[in-house]
2 protein chains.
Amino acid sequence: MPRFRLTLEYDGSRFAGWQRQKEAPSVQQTLEEALHSMTGETLDTIVAGRTDAGVHAAGQVVHFDLDRDFSTDKLRDGLNFYLREHRIAILEAAIAAPDFSARLSATQRHYRYRILNRRPPPAIEQGRVWHVPVALDAEAMHEAAQALVGHYDFTSFRSAECQAKSPERTLEAIGVARAGDEIHISTRARSFLHNQVRIMTGTLKLVGEGRWKAGDVKAALDARDRTKAGPTAPPDGLTLMRVDYP
Amino acid sequence: MPRFRLTLEYDGSRFAGWQRQKEAPSVQQTLEEALHSMTGETLDTIVAGRTDAGVHAAGQVVHFDLDRDFSTDKLRDGLNFYLREHRIAILEAAIAAPDFSARLSATQRHYRYRILNRRPPPAIEQGRVWHVPVALDAEAMHEAAQALVGHYDFTSFRSAECQAKSPERTLEAIGVARAGDEIHISTRARSFLHNQVRIMTGTLKLVGEGRWKAGDVKAALDARDRTKAGPTAPPDGLTLMRVDYP
C-alpha cells in the first residue's frame, strides 16, 4: 500500500476552495475524481494547506495511499490528462514514506500576496491580484510588518470561523516589496490561522495608505481582538507558493 | 477637435483580435462602444498593433478625435468603468498632437513571447503561455535568433494573409532568456509582418529542441519561402508590451 505525494498548481478562481463541499466544485473533489478515473480507487487526500475559495496554489502538497503501485511519472502525466480542463496541474508525483503527512510533516508554509497598486484596474491579472488604486508606501508596510514576526497570540488576525485550537502561531518572516506596479507580501510560518495572511495584508494596507502607523499594527496584535485589526483582503491576490518538509 | 491617445492593457483570450468583425467580439468594437457610452460620439480608433485573436497587450496604443474636450483623467476613469467586465484597462489617457498617429508615428514596437517549458501543463497561466513540454536550450535559441537581426526580406516569416506591401523589415533586436520554468523571447522593430513574431518563435523552438542548427534559421531567412521556416507558434504566449513614439 504505497503512499504518494503530489505537488500541484491550481487557479483558485475556478473553485470554491480546496475542501470538498456539497454545492460547489472544490479542488479536492476534482483531484479525487481524477485519481478515481485513473486508478479505479476511491480515496481521501490529505492536504498541506486548505486554501479558501479564490486562493491559488503554485506548490500545494497532498498525500494519499493507493492499493496498487503506480509509476510516479505515469501518475503525474495521467492525472494531468484527466485534469486538463480544470486548471489544476500536477507538477510532481513522488513515493512518500509510510508515515509522511502532507499536513502534519510540513515544517514551513510559504504564501505570497500580490497587490496591483495603480489607478487602472487589472485586465490581464484580474482574479490574481488585489486592486488597490491608492498609492501605497511599501517600505512603511515592510517596517510595520516586522512587529508580527515571532511567537504570538494572533487572535486579532484570525477569522471568526477559524477552527484551530490555539490562536498562537510563530510567524517566521514577512517581507513587503514593490515590483513595478505591484506590491508583494511574502510570508512563511509552520502554519497559519484561518485568513491570517489576508488579515495581515488588509492591516498592512492601512499602513501603506498612511492611515495607520507601525505602532498601530503592534497594538492590534496585542489587543487579541479581531475587531482591532484591519479588514480581510480578498482571496484573489493570495497564492500558496511552497511547503517545506524535513 | 482634440486628438486623444490611450495606452491600454487587455487579455486577448477574451477577444477575436483587435480588429472589428461581424461575428465575434473584438477589442476595437468593445473599446469604441465604451467610448460611445461615455462621450455620445461614434468614432474610429487607429491602433498601433492589430493584434490577432488570443494575443495580449500590456501597452497597446490607440488614437482618436473627439468633437468635445474631455479631461484625460475623466476619460481614463470613465472608460475603465464601462470596460470593467471586459478585461480591457486604460492605463493612460493623454492629449496628442493633431498629427499624431498611433500607427504611423510609432518608431518601435516591443513584443514578448512566453513559453512555459516544463512537462506539466499550465494551470494558472493557461492562455498566456505556449506550453512546450520538451526541454529547450534557451542559449542556442538566443544565438540562432541573432541571424534575424537587421534589414531583410522576411517572406519566410510572414503569414499567407499578410497584407503588407513589402516583405522587408528591420528587426532591431531579439533576445531569448530562461526565467525559471519559462523562456521569454523579447523582440522589437519599427513594425512587424503578420505573424512574424509567432513564426520566428515557432522556428526558434526547433533550434531549442536541437532539431535545427543556428545555420538553418539563416537558411530559412535566405530562402524567402514561408514553407522553409518553422510553424506558427500559438497566439497565447504573445504580448504587445510597448510602443515607442518620438
# chains A, B, ... in the order shown; residues from 1 in each chain; ligands from 1

call {"tool": "calpha_fit_and_write", "arguments": {"fixed": "chain B", "moving": "chain A", "output": "short mmCIF file (atom, residue, chain, number, x, y, z; two decimals) with C-alpha atoms, in the first residue's frame"}}
result
data_model
loop_
_atom_site.label_atom_id
_atom_site.label_comp_id
_atom_site.auth_asym_id
_atom_site.auth_seq_id
_atom_site.Cartn_x
_atom_site.Cartn_y
_atom_site.Cartn_z
CA MET A 1 -11.46 68.77 -32.16
CA PRO A 2 -8.87 67.40 -29.77
CA ARG A 3 -6.93 64.22 -30.55
CA PHE A 4 -6.54 61.71 -27.73
CA ARG A 5 -4.05 58.91 -27.18
CA LEU A 6 -4.79 55.92 -24.95
CA THR A 7 -2.44 53.25 -23.62
CA LEU A 8 -4.24 50.02 -22.89
CA GLU A 9 -3.87 46.55 -21.48
CA TYR A 10 -6.08 43.61 -22.44
CA ASP A 11 -6.46 39.88 -22.08
CA GLY A 12 -6.52 38.74 -25.71
CA SER A 13 -8.03 35.35 -24.91
CA ARG A 14 -11.40 37.08 -24.49
CA PHE A 15 -11.42 38.56 -28.00
CA ALA A 16 -11.30 37.62 -31.67
CA GLY A 17 -8.37 40.03 -32.02
CA TRP A 18 -8.11 43.80 -32.22
CA GLN A 19 -9.97 44.41 -35.43
CA ARG A 20 -13.73 44.90 -35.63
CA GLN A 21 -15.50 41.97 -37.30
CA LYS A 22 -19.06 40.82 -37.76
CA GLU A 23 -19.24 37.52 -35.92
CA ALA A 24 -17.14 37.88 -32.79
CA PRO A 25 -16.26 40.44 -30.11
CA SER A 26 -13.13 42.45 -30.89
CA VAL A 27 -11.11 44.77 -28.68
CA GLN A 28 -11.77 47.60 -31.13
CA GLN A 29 -15.54 47.24 -31.01
CA THR A 30 -15.58 46.90 -27.22
CA LEU A 31 -13.42 50.00 -26.79
CA GLU A 32 -15.40 52.04 -29.33
CA GLU A 33 -18.68 51.09 -27.64
CA ALA A 34 -17.28 52.22 -24.29
CA LEU A 35 -16.15 55.48 -25.91
CA HIS A 36 -19.64 55.92 -27.35
CA SER A 37 -21.30 55.22 -23.99
CA MET A 38 -19.10 57.81 -22.37
CA THR A 39 -18.97 60.59 -24.95
CA GLY A 40 -22.05 60.01 -27.11
CA GLU A 41 -19.77 60.18 -30.15
CA THR A 42 -19.33 57.50 -32.81
CA LEU A 43 -15.73 57.31 -33.85
CA ASP A 44 -12.98 55.22 -35.40
CA THR A 45 -9.89 54.39 -33.39
CA ILE A 46 -6.50 53.94 -35.02
CA VAL A 47 -4.28 51.36 -33.33
CA ALA A 48 -0.52 50.78 -33.15
CA GLY A 49 -0.65 46.97 -33.37
CA ARG A 50 -3.54 44.98 -34.83
CA THR A 51 -3.13 42.01 -32.50
CA ASP A 52 -4.62 38.67 -33.57
CA ALA A 53 -7.16 36.61 -31.63
CA GLY A 54 -5.60 35.41 -28.38
CA VAL A 55 -2.70 37.89 -28.41
CA HIS A 56 -2.46 40.11 -25.32
CA ALA A 57 -1.41 43.70 -24.82
CA ALA A 58 0.34 45.33 -21.89
CA GLY A 59 0.93 48.64 -23.66
CA GLN A 60 -1.21 48.93 -26.80
CA VAL A 61 -1.72 52.48 -28.10
CA VAL A 62 -4.69 53.99 -29.97
CA HIS A 63 -5.68 57.48 -31.07
CA PHE A 64 -8.98 59.14 -32.01
CA ASP A 65 -10.55 62.57 -32.28
CA LEU A 66 -13.46 63.82 -30.21
CA ASP A 67 -15.74 66.75 -31.03
CA ARG A 68 -15.85 67.78 -27.42
CA ASP A 69 -13.00 68.24 -24.96
CA PHE A 70 -12.57 65.84 -22.02
CA SER A 71 -10.27 65.82 -19.03
CA THR A 72 -7.81 62.96 -19.61
CA ASP A 73 -8.27 61.69 -16.05
CA LYS A 74 -12.04 61.54 -16.51
CA LEU A 75 -11.67 59.84 -19.86
CA ARG A 76 -9.39 57.13 -18.39
CA ASP A 77 -11.52 56.51 -15.29
CA GLY A 78 -14.83 56.69 -17.18
CA LEU A 79 -13.68 54.22 -19.83
CA ASN A 80 -12.37 51.87 -17.15
CA PHE A 81 -15.84 51.97 -15.58
CA TYR A 82 -17.53 50.97 -18.85
CA LEU A 83 -14.84 48.34 -19.59
CA ARG A 84 -14.80 46.79 -16.13
CA GLU A 85 -16.36 43.48 -17.25
CA HIS A 86 -14.32 43.20 -20.43
CA ARG A 87 -10.71 42.57 -19.41
CA ILE A 88 -9.58 45.81 -21.04
CA ALA A 89 -8.00 48.54 -18.90
CA ILE A 90 -6.99 52.05 -19.92
CA LEU A 91 -3.57 52.65 -18.37
CA GLU A 92 -3.19 56.22 -19.57
CA ALA A 93 -5.12 58.88 -21.49
CA ALA A 94 -3.33 61.89 -22.95
CA ILE A 95 -3.88 64.75 -25.38
CA ALA A 96 -1.96 64.10 -28.61
CA ALA A 97 -0.66 66.46 -31.27
CA PRO A 98 -3.12 66.92 -34.20
CA ASP A 99 -0.78 65.02 -36.51
CA PHE A 100 -0.04 62.16 -34.09
CA SER A 101 -0.88 58.68 -35.39
CA ALA A 102 -0.77 55.64 -33.09
CA ARG A 103 0.03 53.59 -36.18
CA LEU A 104 2.25 55.78 -38.38
CA SER A 105 4.16 57.72 -35.71
CA ALA A 106 5.35 54.58 -33.92
CA THR A 107 9.13 54.23 -34.02
CA GLN A 108 9.36 50.88 -32.25
CA ARG A 109 7.06 48.06 -31.25
CA HIS A 110 8.10 45.70 -28.44
CA TYR A 111 6.73 42.17 -28.20
CA ARG A 112 7.36 39.40 -25.70
CA TYR A 113 6.61 35.71 -26.23
CA ARG A 114 6.33 33.43 -23.18
CA ILE A 115 6.97 29.69 -23.46
CA LEU A 116 6.19 27.51 -20.43
CA ASN A 117 8.92 24.92 -20.75
CA ARG A 118 8.10 22.08 -18.37
CA ARG A 119 6.38 18.76 -18.65
CA PRO A 120 3.18 19.56 -16.69
CA PRO A 121 0.70 21.84 -18.49
CA PRO A 122 -0.06 25.35 -17.19
CA ALA A 123 -2.83 25.70 -14.60
CA ILE A 124 -2.52 29.32 -13.53
CA GLU A 125 -1.01 30.72 -16.77
CA GLN A 126 -3.23 28.85 -19.24
CA GLY A 127 -3.98 31.10 -22.22
CA ARG A 128 -0.96 33.26 -21.52
CA VAL A 129 1.89 30.90 -22.40
CA TRP A 130 2.76 28.34 -25.05
CA HIS A 131 3.26 25.01 -23.31
CA VAL A 132 6.32 23.19 -24.68
CA PRO A 133 6.98 20.04 -22.64
CA VAL A 134 10.32 19.12 -24.26
CA ALA A 135 13.36 20.80 -22.64
CA LEU A 136 14.57 23.72 -24.75
CA ASP A 137 18.09 25.14 -24.94
CA ALA A 138 17.50 28.88 -24.48
CA GLU A 139 21.11 29.80 -25.17
CA ALA A 140 21.11 28.01 -28.52
CA MET A 141 17.81 29.76 -29.37
CA HIS A 142 19.31 33.14 -28.47
CA GLU A 143 22.38 32.58 -30.63
CA ALA A 144 20.38 31.36 -33.61
CA ALA A 145 17.96 34.29 -33.28
CA GLN A 146 20.74 36.80 -33.91
CA ALA A 147 20.74 35.81 -37.61
CA LEU A 148 17.35 37.57 -37.86
CA VAL A 149 18.58 40.96 -36.63
CA GLY A 150 18.94 43.52 -39.40
CA HIS A 151 17.16 44.65 -42.57
CA TYR A 152 15.89 41.64 -44.53
CA ASP A 153 13.19 40.28 -46.77
CA PHE A 154 11.17 38.34 -44.16
CA THR A 155 8.96 36.48 -46.65
CA SER A 156 9.74 33.20 -44.85
CA PHE A 157 8.39 34.70 -41.63
CA ARG A 158 5.07 36.21 -42.76
CA SER A 159 1.66 34.56 -42.96
CA ALA A 160 -0.04 33.95 -46.29
CA GLU A 161 -2.67 36.53 -45.30
CA CYS A 162 -0.13 39.29 -44.65
CA GLN A 163 -1.32 42.46 -46.37
CA ALA A 164 1.91 44.47 -46.11
CA LYS A 165 3.10 45.74 -49.50
CA SER A 166 6.74 44.95 -48.80
CA PRO A 167 8.11 41.85 -47.04
CA GLU A 168 11.17 43.87 -45.96
CA ARG A 169 11.51 44.82 -42.33
CA THR A 170 14.28 45.84 -39.96
CA LEU A 171 14.46 43.67 -36.86
CA GLU A 172 16.22 45.83 -34.25
CA ALA A 173 16.74 43.20 -31.56
CA ILE A 174 15.68 39.76 -30.39
CA GLY A 175 16.69 38.08 -27.15
CA VAL A 176 15.89 34.66 -25.72
CA ALA A 177 16.33 34.06 -21.99
CA ARG A 178 15.23 31.49 -19.46
CA ALA A 179 13.29 32.68 -16.38
CA GLY A 180 12.65 29.66 -14.16
CA ASP A 181 10.22 27.32 -15.95
CA GLU A 182 9.68 29.89 -18.69
CA ILE A 183 11.57 31.01 -21.76
CA HIS A 184 10.99 34.60 -22.85
CA ILE A 185 11.58 35.85 -26.38
CA SER A 186 11.75 39.65 -26.45
CA THR A 187 11.93 41.46 -29.77
CA ARG A 188 11.50 44.93 -31.20
CA ALA A 189 11.20 46.55 -34.61
CA ARG A 190 9.58 49.62 -36.11
CA SER A 191 6.97 47.24 -37.49
CA PHE A 192 6.43 43.51 -37.94
CA LEU A 193 4.82 41.46 -40.69
CA HIS A 194 1.67 39.47 -39.94
CA ASN A 195 2.54 36.55 -37.63
CA GLN A 196 6.25 37.40 -37.83
CA VAL A 197 6.94 37.07 -34.10
CA ARG A 198 4.95 33.83 -33.88
CA ILE A 199 6.74 32.29 -36.88
CA MET A 200 10.14 33.38 -35.50
CA THR A 201 9.14 31.75 -32.20
CA GLY A 202 7.99 28.52 -33.85
CA THR A 203 11.28 28.41 -35.77
CA LEU A 204 13.46 29.09 -32.72
CA LYS A 205 11.66 26.30 -30.87
CA LEU A 206 13.09 23.87 -33.45
CA VAL A 207 16.56 25.15 -32.52
CA GLY A 208 15.78 24.84 -28.80
CA GLU A 209 14.81 21.19 -29.29
CA GLY A 210 18.06 20.53 -31.15
CA ARG A 211 16.25 19.63 -34.38
CA TRP A 212 17.62 22.74 -36.12
CA LYS A 213 21.08 24.34 -36.02
CA ALA A 214 21.65 28.10 -35.96
CA GLY A 215 22.59 27.96 -39.67
CA ASP A 216 19.15 26.55 -40.51
CA VAL A 217 17.50 29.76 -39.32
CA LYS A 218 19.71 31.83 -41.60
CA ALA A 219 18.97 29.45 -44.48
CA ALA A 220 15.22 29.76 -43.85
CA LEU A 221 15.51 33.55 -43.94
CA ASP A 222 17.53 33.48 -47.17
CA ALA A 223 15.02 31.11 -48.82
CA ARG A 224 12.27 33.80 -48.83
CA ASP A 225 9.74 30.99 -48.72
CA ARG A 226 7.22 30.56 -45.88
CA THR A 227 7.44 26.76 -46.13
CA LYS A 228 11.15 26.85 -45.21
CA ALA A 229 10.63 28.39 -41.75
CA GLY A 230 9.10 26.69 -38.70
CA PRO A 231 5.41 26.52 -37.75
CA THR A 232 3.47 29.49 -36.38
CA ALA A 233 3.51 29.44 -32.58
CA PRO A 234 0.07 29.79 -30.91
CA PRO A 235 -1.14 33.30 -30.01
CA ASP A 236 -1.45 32.57 -26.26
CA GLY A 237 2.16 33.38 -25.38
CA LEU A 238 2.37 36.69 -27.23
CA THR A 239 2.01 40.15 -25.68
CA LEU A 240 2.46 43.58 -27.26
CA MET A 241 4.46 45.12 -24.43
CA ARG A 242 5.08 48.70 -25.51
CA VAL A 243 5.07 51.11 -28.44
CA ASP A 244 7.60 53.92 -28.69
CA TYR A 245 7.00 57.34 -30.25
CA PRO A 246 9.42 60.24 -30.93
#
